[in-house]
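Asker: Let me begin by handing over the structure; questions about it come next.
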Amino acid sequence: MTELSSPSGTPILQLERVSKRYGQSVVALDHVTLNVVAGEFTAIMGPSGSGKSTLMHVAAGLDSVSDGRILIDGIDITRTPDRGLTELRRRKVGFVFQSFNLVPTLDVAENIALPITLDGRRPSGAESQWIATLVNQLGLRDRLQHRPAQLSGGQQQRVAIARALATRPAVIFADEPTGALDSRTGREVLAILRRATSSWGQTVVMVTHDPIAAATADRVVFLADGRIEADHSGLDAASISSVVLGLETAA
């Protein structure tokens with residue numbers, strides 16, 4: 001196993017000896033410890049069944065842990081009651097999914113503002129200004145009255161990213177965000193996620209099987225059999241492929 005180094009900076013997401021078991025015999029995560037610092041773009045990779053999707057689900061508060069604890073922006077989500085966890089996900093967490101997960105009956109403007117609407121309020125002046133900036137930066141100004149079915153896949157993913165960024169969350173979790181897109185559109189989406197960290201100060205954790213997508217990140221964390229086996233910065237796509245191949249061969 002590669003010795004892990006602690007990233008410098010303030011941790012915005014902390015997993016402390018996190019385990020996730022299903023029944024008596026299936027161990028999806030095995031005492032995982034991971035810190036993600038504010039403003040970092042982290043990719044999670046590993047062979048099929050390595051636990052990368054489970055890691056994202058528990059880190060985002062979408063699933064419970066069997067042992068250990070998880071903190072988002074200093075809040076222990078493993079000890080937060082369901083109501084508080086729902087509020088935390090609306091306010092502290094953004095999601096970008098492979099299938100976009102837009103509400104088909106809402107237009108683009110309504111989909112972007114959905115986390116704020118679900119919080120039972122209207123956008124503040126600062127939030128409205130920030131959303132307007134996102135709309136302009138992501139090229140959605142002429143699409144605000146369109147519904148998802150009237151958009152291309154790339155446009156839908158841009159709306160999903162704008163929605164994830166709307167509340168300036170502590171962490172954005174992206175689950176295979178380029179998986180349903182062609183290569184050119186996928187590169188555009190990765191550039192937006194890259195900009196979200198480098199220009200807008202957001203923190204992104206992305207699960208992907210694509211070495212080219214992972215090479216966009218500041219850091220790549222490799223899982224195998226529910227454990228972190230390597231943690232590297234500055235790898236190119238070829239090097240990332242080599243590490244994953246080694247993990248698959250070892251398995």
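Ligands are numbered from 1 in the order shown, chains are lettered A, B, ... in the order of the structure tokens, and residues start at 1 in each chain.
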Just want the 9 Å neighbourhood of stretch 53-69 of chain A, counted on only C-alpha atoms, with same-chain residues fewer than 4 positions away dropped. Output as a VMD selection string.
Answerer: chain A and resid 13 to 22 28 to 29 31 to 33 44 49 76 to 79 85 to 86 88 to 89 93 to 95 171 to 175 205 to 207 226
Asker: Taking only C-alpha atoms into account, which of A:Gln98, A:Ser124, A:Ser183, A:Thr197 comes nearest A:Val37?
Answerer: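 The shortest atom-to-atom distance to A:Val37 comes from A:Thr197.
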Asker: Which of stretch 84-187 of chain A counts as strand (DSSP E or B) under DSSP, as a count of residues only please?
Answerer: 10
Asker: Can you tell me how far atom CA of A:Gly154 sits from atom CA of A:Gln137, in Å to one decimal?
Answerer: 14.3 Å
Asker: What does the structure give for the distance between atom CA of A:Gln145 and atom CA of A:Ala162, in Å to one decimal?
Answerer: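 Atom-to-atom, atom CA of A:Gln145 to atom CA of A:Ala162, that is 14.9 Å.
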Asker: My list of candidates is A:Val189, A:Ala217, A:Ala196, A:Ile116. Which is closest to A:Arg163 when distances are computed with only C-alpha atoms?
Answerer: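 Looking only at the distances to A:Arg163, the closest residue turns out to be A:Ile116.
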Asker: Select, from A:Glu176, A:Pro104, A:Gln129, A:Leu134, the residue with the minimum atom-to-atom distance to A:Leu151, counting only C-alpha atoms.
Answerer: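 Of A:Glu176, A:Pro104, A:Gln129, A:Leu134, the one nearest A:Leu151 is A:Pro104, counting only C-alpha atoms.
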Asker: List every residue of stretch 128-194 of chain A that DSSP, applied to the backbone of this structure, places in helix (DSSP H, G or I), and write the result as an MDAnalysis selection string.
Answerer: chainID A and resid 128:137 141:143 148:150 153:165 183:194
Asker: How many Å lie between atom CA of A:Pro148 and atom CA of A:Leu106, rounded to one decimal?
Answerer: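 Atom CA of A:Leu106 lies at a distance of 7.8 Å from atom CA of A:Pro148.
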Asker: For stretch 200-203 of chain A, work out the shell of residues within 9 Å, counting only C-alpha atoms and skipping chain neighbours fewer than 4 positions away, then give it as a list in words.
Answerer: Ile12, Val36, Val37, Ala38, Gly39, Glu40, Phe41, Thr42, Leu165, Arg168, Pro169, Ala170, Val171, Ile172, Phe173, Leu193, Arg195 and Ala196 of chain A
Asker: What would the file look like if the residues just selected were written as a short mmCIF file (atom, residue, chain, number, x, y, z; two decimals), in the first residue's frame with all heavy atoms?
Answerer:
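Saved as selection24.cif:
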data_model
loop_
_atom_site.label_atom_id
_atom_site.label_comp_id
_atom_site.auth_asym_id
_atom_site.auth_seq_id
_atom_site.Cartn_x
_atom_site.Cartn_y
_atom_site.Cartn_z
N ILE A 12 -12.09 20.20 4.51
CA ILE A 12 -13.52 20.53 4.42
C ILE A 12 -14.34 19.25 4.48
O ILE A 12 -15.52 19.26 4.86
CB ILE A 12 -13.82 21.33 3.14
CG1 ILE A 12 -15.15 22.07 3.26
CG2 ILE A 12 -13.79 20.46 1.92
CD1 ILE A 12 -15.10 23.30 4.12
N VAL A 36 -10.02 15.84 2.59
CA VAL A 36 -10.07 16.66 1.37
C VAL A 36 -10.07 18.11 1.80
O VAL A 36 -10.92 18.52 2.60
CB VAL A 36 -11.34 16.35 0.54
CG1 VAL A 36 -11.41 17.27 -0.67
CG2 VAL A 36 -11.35 14.88 0.10
N VAL A 37 -9.13 18.89 1.30
CA VAL A 37 -9.01 20.28 1.73
C VAL A 37 -9.89 21.18 0.88
O VAL A 37 -10.26 20.85 -0.25
CB VAL A 37 -7.55 20.77 1.69
CG1 VAL A 37 -6.66 19.89 2.56
CG2 VAL A 37 -7.02 20.82 0.27
N ALA A 38 -10.22 22.33 1.45
CA ALA A 38 -11.07 23.29 0.75
C ALA A 38 -10.40 23.74 -0.54
O ALA A 38 -9.20 24.01 -0.59
CB ALA A 38 -11.34 24.49 1.65
N GLY A 39 -11.18 23.80 -1.62
CA GLY A 39 -10.68 24.25 -2.91
C GLY A 39 -9.94 23.20 -3.71
O GLY A 39 -9.33 23.52 -4.73
N GLU A 40 -10.02 21.94 -3.30
CA GLU A 40 -9.30 20.86 -3.98
C GLU A 40 -10.25 20.09 -4.90
O GLU A 40 -11.42 19.88 -4.58
CB GLU A 40 -8.71 19.92 -2.94
CG GLU A 40 -7.87 18.79 -3.51
CD GLU A 40 -7.26 17.92 -2.42
OE1 GLU A 40 -8.02 17.31 -1.64
OE2 GLU A 40 -6.03 17.87 -2.33
N PHE A 41 -9.73 19.64 -6.02
CA PHE A 41 -10.45 18.78 -6.96
C PHE A 41 -9.86 17.39 -6.81
O PHE A 41 -8.73 17.13 -7.22
CB PHE A 41 -10.28 19.31 -8.38
CG PHE A 41 -11.12 18.63 -9.43
CD1 PHE A 41 -11.13 19.14 -10.73
CD2 PHE A 41 -11.89 17.51 -9.16
CE1 PHE A 41 -11.89 18.54 -11.74
CE2 PHE A 41 -12.65 16.90 -10.14
CZ PHE A 41 -12.65 17.42 -11.44
N THR A 42 -10.63 16.46 -6.23
CA THR A 42 -10.17 15.11 -5.96
C THR A 42 -10.95 14.12 -6.81
O THR A 42 -12.18 14.15 -6.85
CB THR A 42 -10.36 14.75 -4.47
OG1 THR A 42 -9.61 15.66 -3.67
CG2 THR A 42 -9.90 13.33 -4.18
N LEU A 165 -23.78 24.34 -7.75
CA LEU A 165 -23.01 25.49 -7.28
C LEU A 165 -23.87 26.59 -6.68
O LEU A 165 -23.34 27.51 -6.04
CB LEU A 165 -22.22 26.08 -8.45
CG LEU A 165 -21.02 25.28 -8.96
CD1 LEU A 165 -20.60 25.78 -10.33
CD2 LEU A 165 -19.86 25.40 -7.99
N ARG A 168 -23.32 27.67 -3.17
CA ARG A 168 -21.90 27.67 -2.77
C ARG A 168 -21.65 26.64 -1.68
O ARG A 168 -21.21 26.96 -0.58
CB ARG A 168 -21.47 29.06 -2.30
CG ARG A 168 -21.40 30.11 -3.41
CD ARG A 168 -20.86 31.42 -2.86
NE ARG A 168 -20.74 32.44 -3.86
CZ ARG A 168 -19.64 32.67 -4.58
NH1 ARG A 168 -18.58 31.91 -4.42
NH2 ARG A 168 -19.60 33.65 -5.47
N PRO A 169 -21.90 25.36 -1.98
CA PRO A 169 -21.80 24.33 -0.94
C PRO A 169 -20.37 24.09 -0.49
O PRO A 169 -19.41 24.50 -1.15
CB PRO A 169 -22.36 23.09 -1.65
CG PRO A 169 -22.04 23.32 -3.09
CD PRO A 169 -22.22 24.80 -3.30
N ALA A 170 -20.23 23.41 0.64
CA ALA A 170 -18.91 23.07 1.14
C ALA A 170 -18.21 22.08 0.21
O ALA A 170 -17.01 22.18 -0.04
CB ALA A 170 -19.02 22.48 2.55
N VAL A 171 -18.97 21.10 -0.31
CA VAL A 171 -18.41 20.07 -1.18
C VAL A 171 -19.39 19.78 -2.31
O VAL A 171 -20.60 19.70 -2.07
CB VAL A 171 -18.13 18.75 -0.42
CG1 VAL A 171 -17.42 17.75 -1.33
CG2 VAL A 171 -17.30 18.99 0.83
N ILE A 172 -18.87 19.61 -3.52
CA ILE A 172 -19.65 19.12 -4.65
C ILE A 172 -19.20 17.70 -4.95
O ILE A 172 -18.02 17.43 -5.15
CB ILE A 172 -19.46 20.00 -5.89
CG1 ILE A 172 -20.03 21.40 -5.64
CG2 ILE A 172 -20.12 19.38 -7.12
CD1 ILE A 172 -19.66 22.39 -6.72
N PHE A 173 -20.15 16.77 -4.96
CA PHE A 173 -19.88 15.38 -5.32
C PHE A 173 -20.35 15.14 -6.75
O PHE A 173 -21.52 15.39 -7.07
CB PHE A 173 -20.60 14.42 -4.36
CG PHE A 173 -20.05 14.47 -2.96
CD1 PHE A 173 -20.66 15.26 -2.00
CD2 PHE A 173 -18.95 13.71 -2.60
CE1 PHE A 173 -20.16 15.30 -0.70
CE2 PHE A 173 -18.44 13.76 -1.31
CZ PHE A 173 -19.05 14.56 -0.36
N LEU A 193 -15.79 22.00 -14.06
CA LEU A 193 -15.49 21.53 -12.71
C LEU A 193 -14.10 22.00 -12.27
O LEU A 193 -13.89 22.38 -11.11
CB LEU A 193 -15.57 20.01 -12.64
CG LEU A 193 -16.97 19.41 -12.83
CD1 LEU A 193 -16.89 17.88 -12.88
CD2 LEU A 193 -17.91 19.86 -11.72
N ARG A 195 -12.69 24.76 -13.30
CA ARG A 195 -12.85 26.19 -13.03
C ARG A 195 -13.54 26.42 -11.68
O ARG A 195 -13.25 27.39 -10.98
CB ARG A 195 -13.64 26.84 -14.15
CG ARG A 195 -13.61 28.39 -14.12
CD ARG A 195 -14.63 29.00 -15.04
NE ARG A 195 -14.79 28.26 -16.29
CZ ARG A 195 -15.84 28.41 -17.10
NH1 ARG A 195 -16.80 29.26 -16.79
NH2 ARG A 195 -15.92 27.71 -18.21
N ALA A 196 -14.45 25.52 -11.32
CA ALA A 196 -15.16 25.67 -10.05
C ALA A 196 -14.19 25.66 -8.88
O ALA A 196 -14.40 26.36 -7.88
CB ALA A 196 -16.19 24.55 -9.89
#
Asker: Using only C-alpha atoms, which residue out of A:Asp142, A:Asp182, A:Glu127, A:Asp236 lies closest to A:Ile212?
Answerer: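 Closest candidate: A:Asp236.
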Asker: Just checking: using only C-alpha atoms, which residue out of A:Pro81, A:Ser128, A:Gln156, A:Ala215 ends up closest to A:Val103?
Answerer: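 Ranking A:Pro81, A:Ser128, A:Gln156, A:Ala215 by distance to A:Val103, first place goes to A:Gln156.
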Asker: Looking at only C-alpha atoms, which of A:Val220, A:Leu138, A:Leu34, A:Leu102 is the one that sits closest to A:Val243?
Answerer: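 The answer is A:Val220, which sits nearest to A:Val243.
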